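File shown: my_file.txt (compact mmCIF, C-alpha atoms and all ligand atoms).
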```txt
# COMPACT_ATOMS: atom_id res chain seq x y z
CA MET A 1 4.36 -16.90 -20.38
CA GLU A 2 7.40 -14.76 -21.09
CA ILE A 3 8.10 -13.80 -17.47
CA GLU A 4 8.21 -17.49 -16.62
CA THR A 5 10.94 -18.13 -19.20
CA HIS A 6 13.08 -15.38 -17.70
CA LEU A 7 12.48 -16.62 -14.17
CA GLU A 8 13.36 -20.14 -15.26
CA ALA A 9 16.75 -18.87 -16.45
CA VAL A 10 17.32 -17.10 -13.12
CA VAL A 11 16.39 -20.15 -11.06
CA ARG A 12 18.62 -22.41 -13.19
CA LYS A 13 21.50 -20.00 -12.81
CA ILE A 14 21.17 -20.01 -9.00
CA ASP A 15 20.99 -23.79 -8.64
CA PRO A 16 21.76 -25.52 -11.95
CA ASN A 17 21.86 -29.08 -10.61
CA ASN A 18 18.71 -29.06 -8.51
CA GLY A 19 16.11 -31.34 -10.07
CA GLU A 20 13.42 -30.26 -7.60
CA ILE A 21 12.98 -26.75 -8.98
CA ASN A 22 11.22 -27.61 -12.24
CA ARG A 23 8.05 -25.78 -11.27
CA THR A 24 9.64 -23.02 -9.22
CA ALA A 25 9.61 -20.43 -12.02
CA LYS A 26 5.94 -21.17 -12.68
CA ARG A 27 5.12 -20.83 -8.98
CA VAL A 28 7.04 -17.56 -8.70
CA ALA A 29 5.22 -16.18 -11.75
CA GLU A 30 1.91 -17.11 -10.13
CA SER A 31 2.85 -15.43 -6.87
CA PHE A 32 3.91 -12.32 -8.81
CA GLY A 33 0.40 -12.29 -10.23
CA GLU A 34 -0.84 -12.05 -6.65
CA PHE A 35 1.81 -9.59 -5.37
CA PHE A 36 1.26 -7.26 -8.31
CA SER A 37 -2.48 -7.48 -8.78
CA GLY A 38 -2.91 -3.75 -8.14
CA TYR A 39 -2.44 -2.65 -11.75
CA ASN A 40 -5.26 -1.85 -14.17
CA VAL A 41 -7.83 -1.46 -11.44
CA ASP A 42 -10.59 1.12 -11.52
CA ILE A 43 -10.36 2.86 -8.16
CA LEU A 44 -13.91 4.21 -8.45
CA LYS A 45 -15.18 0.67 -8.94
CA ILE A 46 -13.16 -0.56 -5.96
CA ALA A 47 -14.63 2.25 -3.85
CA GLY A 48 -18.19 1.25 -4.74
CA ALA A 49 -21.18 3.20 -3.51
CA LEU A 50 -20.84 6.31 -1.40
CA TYR A 51 -23.37 7.13 1.31
CA ASP A 52 -24.83 10.46 2.35
CA SER A 53 -23.79 11.48 5.84
CA SER A 54 -23.93 14.51 8.10
CA MET A 55 -20.74 13.32 9.83
CA GLU A 56 -18.47 16.30 10.28
CA ASP A 57 -15.59 14.81 12.24
CA LEU A 58 -12.54 12.88 11.09
CA ILE A 59 -13.12 9.33 9.89
CA ILE A 60 -10.06 7.13 10.28
CA LEU A 61 -9.24 3.51 9.56
CA LYS A 62 -5.97 2.88 11.31
CA ASP A 63 -3.29 0.16 11.24
CA ILE A 64 -4.30 -1.37 7.91
CA HIS A 65 -1.73 -4.11 7.42
CA PHE A 66 -0.23 -4.15 3.93
CA GLU A 67 2.44 -5.99 2.01
CA SER A 68 4.16 -4.40 -0.93
CA HIS A 69 7.44 -4.77 -2.84
CA CYS A 70 10.11 -2.19 -3.53
CA GLU A 71 10.62 -1.41 -7.18
CA HIS A 72 14.41 -1.52 -6.87
CA HIS A 73 14.96 -4.97 -5.32
CA LEU A 74 11.54 -6.66 -5.40
CA ALA A 75 12.07 -6.94 -1.66
CA PRO A 76 9.01 -6.99 0.63
CA ILE A 77 7.76 -3.84 2.30
CA VAL A 78 5.58 -4.79 5.26
CA GLY A 79 3.75 -2.32 7.40
CA THR A 80 0.59 -0.48 8.26
CA ALA A 81 -1.25 2.42 6.73
CA SER A 82 -3.71 4.65 8.55
CA VAL A 83 -6.02 6.67 6.35
CA GLY A 84 -8.45 9.37 7.31
CA TYR A 85 -10.68 12.00 5.79
CA LEU A 86 -12.87 14.87 6.75
CA PRO A 87 -16.13 14.10 4.95
CA ASN A 88 -17.93 16.56 2.76
CA GLY A 89 -21.41 15.02 2.85
CA LYS A 90 -20.33 11.60 1.61
CA ILE A 91 -18.82 8.59 3.34
CA ILE A 92 -17.46 5.27 2.11
CA GLY A 93 -17.57 1.73 3.52
CA ALA A 94 -14.65 1.21 5.91
CA SER A 95 -13.49 -1.97 4.17
CA LYS A 96 -13.19 -0.01 0.94
CA LEU A 97 -10.53 2.14 2.56
CA ALA A 98 -8.50 -1.01 3.13
CA ARG A 99 -9.11 -2.14 -0.45
CA ILE A 100 -7.82 1.18 -1.76
CA VAL A 101 -4.63 0.76 0.28
CA ASP A 102 -4.17 -2.75 -1.16
CA CYS A 103 -4.61 -1.52 -4.73
CA PHE A 104 -1.50 0.60 -4.44
CA ALA A 105 0.42 -1.79 -2.18
CA HIS A 106 0.07 -4.54 -4.76
CA ARG A 107 2.39 -2.80 -7.17
CA LEU A 108 6.13 -2.26 -7.45
CA GLN A 109 6.46 0.65 -5.09
CA LEU A 110 8.31 3.44 -3.45
CA GLN A 111 6.66 4.09 -0.10
CA GLU A 112 6.66 7.83 -0.73
CA ARG A 113 4.76 7.39 -3.99
CA MET A 114 2.35 4.84 -2.54
CA THR A 115 1.47 7.26 0.27
CA ILE A 116 0.64 10.01 -2.21
CA GLU A 117 -1.28 7.65 -4.48
CA ILE A 118 -3.48 6.50 -1.60
CA GLY A 119 -4.15 10.11 -0.58
CA GLU A 120 -5.00 11.21 -4.13
CA ALA A 121 -7.27 8.19 -4.61
CA LEU A 122 -9.25 9.16 -1.50
CA GLU A 123 -9.60 12.69 -2.84
CA LEU A 124 -10.79 11.40 -6.19
CA VAL A 125 -13.34 9.04 -4.66
CA LEU A 126 -14.71 11.17 -1.83
CA SER A 127 -14.07 14.84 -2.71
CA PRO A 128 -13.63 15.33 1.04
CA LYS A 129 -12.61 18.45 2.96
CA GLY A 130 -9.24 16.87 3.55
CA VAL A 131 -7.27 13.65 3.59
CA GLY A 132 -4.54 12.24 5.83
CA VAL A 133 -2.38 9.17 5.21
CA TYR A 134 0.21 7.80 7.63
CA VAL A 135 2.35 4.85 6.54
CA GLU A 136 4.89 3.02 8.68
CA ALA A 137 6.75 0.04 7.22
CA GLU A 138 9.80 -2.18 7.37
CA HIS A 139 11.67 -2.53 4.09
CA PHE A 140 13.39 -5.86 3.59
CA CYS A 141 15.92 -4.20 1.31
CA ILE A 142 17.06 -2.31 4.43
CA SER A 143 16.55 -5.04 7.04
CA HIS A 144 17.68 -8.17 5.14
CA ARG A 145 20.35 -6.95 2.77
CA GLY A 146 22.79 -4.07 2.41
CA VAL A 147 22.88 -2.09 5.64
CA ARG A 148 20.80 -4.80 7.46
CA LYS A 149 19.05 -2.64 10.00
CA GLN A 150 16.20 -4.73 11.32
CA GLY A 151 13.25 -3.02 12.91
CA ALA A 152 13.85 0.38 11.30
CA GLN A 153 10.47 1.82 10.41
CA PHE A 154 10.12 4.05 7.40
CA VAL A 155 7.43 6.68 7.95
CA THR A 156 5.68 8.69 5.23
CA ARG A 157 2.71 11.01 5.47
CA TYR A 158 0.34 12.81 3.16
CA PHE A 159 -2.06 15.62 3.99
CA SER A 160 -4.44 17.62 1.90
CA GLY A 161 -7.13 20.27 2.39
CA GLU A 162 -8.09 20.93 5.99
CA LEU A 163 -5.76 18.17 7.15
CA LYS A 164 -2.94 20.57 6.36
CA GLY A 165 -4.22 22.73 9.22
CA PRO A 166 -4.62 22.10 12.98
CA VAL A 167 -6.74 18.97 12.44
CA ARG A 168 -3.60 17.24 11.14
CA GLN A 169 -2.45 16.72 14.74
CA GLU A 170 -5.75 15.05 15.68
CA PHE A 171 -5.32 12.66 12.78
CA LEU A 172 -1.72 11.89 13.76
CA THR A 173 -2.60 11.33 17.42
CA THR A 174 -5.12 8.69 16.37
CA ALA A 175 -2.96 7.19 13.62
CA GLN A 176 0.09 6.88 15.86
CA GLY A 177 -1.71 5.87 19.07
CA LYS A 178 -1.30 2.15 19.71
ZN ZN B 201 14.63 -1.90 -2.30
```
How would this structure read if it were set down as structure tokens?
Amino acid sequence: MEIETHLEAVVRKIDPNNGEINRTAKRVAESFGEFFSGYNVDILKIAGALYDSSMEDLIILKDIHFESHCEHHLAPIVGTASVGYLPNGKIIGASKLARIVDCFAHRLQLQERMTIEIGEALELVLSPKGVGVYVEAEHFCISHRGVRKQGAQFVTRYFSGELKGPVRQEFLTTAQGK
């Protein structure tokens, strides 16, 4: 695999005399396959079946743990996403909300873009009255290199439809409540 050849060169450059790293490039390539498994996925397939529902209030899955990687440094981004929607006659299995978050987390990311992508995916799947996404994460490229500010939480939000109105605060109260 081509990526493995490049990684091999990087590993050799870091530690040219280490005989124990023969399979390191191969292992890294395999873990990349896992970290970046969110490409070429059909979001409608991931979402699966929708169910009819007369539910009129906000539906929220909060504190969905995710791991992503920044597209600039390949450094981990670790945090939680809370997603919510105001249904419009259709609901989705709660675990599918978490799967949708993972789809976009398992890519090279900017947190801002990931937040929008999750929100737009929920709109596409559910055609709801509104969507809210709240993402809070630590970026290792901030905490473990460069400015080295550990514990700083990067917060991004996305709102659409009725969630742009007063109901936004209800979503945020739930999403931010610990
Ligand atoms: Zn970065």
- Task: Rank A:Phe140, A:Phe154, A:Tyr134, A:Tyr51 by their smallest atom-to-atom distance to ligand ZN 201 (chain B), using all atoms listed in the file, and report the top residue only.
- Result: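 Residue with the minimum atom-to-atom distance to ligand ZN 201 (chain B): A:Phe140.
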For segment 74-87 of chain A, find every residue with an atom within 8 Å (counting all atoms listed in the file), except residues of its own chain fewer than 4 positions away, and show them as a PDB file with C-alpha atoms, in the frame of the given file.
```
ATOM      1  CA  MET A  55     -20.740  13.320   9.830  1.00  0.00           C
ATOM      2  CA  GLU A  56     -18.470  16.300  10.280  1.00  0.00           C
ATOM      3  CA  ASP A  57     -15.590  14.810  12.240  1.00  0.00           C
ATOM      4  CA  LEU A  58     -12.540  12.880  11.090  1.00  0.00           C
ATOM      5  CA  ILE A  59     -13.120   9.330   9.890  1.00  0.00           C
ATOM      6  CA  ILE A  60     -10.060   7.130  10.280  1.00  0.00           C
ATOM      7  CA  LEU A  61      -9.240   3.510   9.560  1.00  0.00           C
ATOM      8  CA  LYS A  62      -5.970   2.880  11.310  1.00  0.00           C
ATOM      9  CA  ASP A  63      -3.290   0.160  11.240  1.00  0.00           C
ATOM     10  CA  ILE A  64      -4.300  -1.370   7.910  1.00  0.00           C
ATOM     11  CA  HIS A  65      -1.730  -4.110   7.420  1.00  0.00           C
ATOM     12  CA  PHE A  66      -0.230  -4.150   3.930  1.00  0.00           C
ATOM     13  CA  GLU A  67       2.440  -5.990   2.010  1.00  0.00           C
ATOM     14  CA  SER A  68       4.160  -4.400  -0.930  1.00  0.00           C
ATOM     15  CA  HIS A  69       7.440  -4.770  -2.840  1.00  0.00           C
ATOM     16  CA  CYS A  70      10.110  -2.190  -3.530  1.00  0.00           C
ATOM     17  CA  ILE A  91     -18.820   8.590   3.340  1.00  0.00           C
ATOM     18  CA  LEU A  97     -10.530   2.140   2.560  1.00  0.00           C
ATOM     19  CA  VAL A 101      -4.630   0.760   0.280  1.00  0.00           C
ATOM     20  CA  LEU A 108       6.130  -2.260  -7.450  1.00  0.00           C
ATOM     21  CA  GLY A 119      -4.150  10.110  -0.580  1.00  0.00           C
ATOM     22  CA  LEU A 122      -9.250   9.160  -1.500  1.00  0.00           C
ATOM     23  CA  LEU A 126     -14.710  11.170  -1.830  1.00  0.00           C
ATOM     24  CA  SER A 127     -14.070  14.840  -2.710  1.00  0.00           C
ATOM     25  CA  PRO A 128     -13.630  15.330   1.040  1.00  0.00           C
ATOM     26  CA  LYS A 129     -12.610  18.450   2.960  1.00  0.00           C
ATOM     27  CA  GLY A 130      -9.240  16.870   3.550  1.00  0.00           C
ATOM     28  CA  VAL A 131      -7.270  13.650   3.590  1.00  0.00           C
ATOM     29  CA  GLY A 132      -4.540  12.240   5.830  1.00  0.00           C
ATOM     30  CA  VAL A 133      -2.380   9.170   5.210  1.00  0.00           C
ATOM     31  CA  TYR A 134       0.210   7.800   7.630  1.00  0.00           C
ATOM     32  CA  VAL A 135       2.350   4.850   6.540  1.00  0.00           C
ATOM     33  CA  GLU A 136       4.890   3.020   8.680  1.00  0.00           C
ATOM     34  CA  ALA A 137       6.750   0.040   7.220  1.00  0.00           C
ATOM     35  CA  GLU A 138       9.800  -2.180   7.370  1.00  0.00           C
ATOM     36  CA  HIS A 139      11.670  -2.530   4.090  1.00  0.00           C
ATOM     37  CA  PHE A 140      13.390  -5.860   3.590  1.00  0.00           C
ATOM     38  CA  CYS A 141      15.920  -4.200   1.310  1.00  0.00           C
ATOM     39  CA  GLU A 162      -8.090  20.930   5.990  1.00  0.00           C
ATOM     40  CA  LEU A 163      -5.760  18.170   7.150  1.00  0.00           C
ATOM     41  CA  PHE A 171      -5.320  12.660  12.780  1.00  0.00           C
ATOM     42  CA  ALA A 175      -2.960   7.190  13.620  1.00  0.00           C
TER      43      ALA A 175
END
```
- Query: Mind pulling up the distance from atom CA of Ala105 of chain A to atom CA of Phe36 of chain A?
  - Reply: 8.3 Å
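Across A:His73, A:Arg99, A:Arg12, A:Arg107, the tightest approach to Glu34 of chain A is made by A:Arg107 when counting only C-alpha atoms.
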- Message: Let me make sure I understand: among A:Ile92, A:Ile142, A:Ala47, A:Val11, which one has the smallest atom-to-atom distance to ligand ZN 201 (chain B) if we use all atoms listed in the file?
- Response: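 Nearest candidate to ligand ZN 201 (chain B) out of A:Ile92, A:Ile142, A:Ala47, A:Val11: A:Ile142.
For the residues A:His72, A:Lys164, A:Arg148, A:Ser31, ranking by smallest atom-to-atom distance to His106 of chain A using all atoms listed in the file places A:Ser31 first.
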- Note on the structure: Expressed in Å, the length from atom CA of Gly151 of chain A to atom CA of Gly33 of chain A is 28.0 Å
- Item | Among listed residues A:Leu110, A:Leu172, A:Val167, A:Ile118, nearest ligand ZN 201 (chain B) (using all atoms listed in the file) | A:Leu110
- Query: Between atom CA of Leu124 of chain A and atom CA of Glu112 of chain A, what is the distance, to one decimal in Å?
  - Reply: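 Atom CA of Glu112 of chain A lies at a distance of 18.6 Å from atom CA of Leu124 of chain A.
Minimum atom-to-atom distance to ligand ZN 201 (chain B), evaluated using all atoms listed in the file, belongs to A:Gly146 out of A:Gly146, A:Gly177, A:Gly89, A:Gly48.
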So that I can see what lies close to His6 of chain A, please list as a compact mmCIF listing (two decimals) with C-alpha atoms, in the frame of the given file the residues with an atom at most 10 Å from it, counting all atoms listed in the file and leaving out residues fewer than 4 positions away in the same chain.
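Heads up, here's the output in part_9.txt:
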```txt
# COMPACT_ATOMS: atom_id res chain seq x y z
CA MET A 1 4.36 -16.90 -20.38
CA GLU A 2 7.40 -14.76 -21.09
CA VAL A 10 17.32 -17.10 -13.12
CA VAL A 11 16.39 -20.15 -11.06
CA ALA A 25 9.61 -20.43 -12.02
CA ALA A 29 5.22 -16.18 -11.75
```
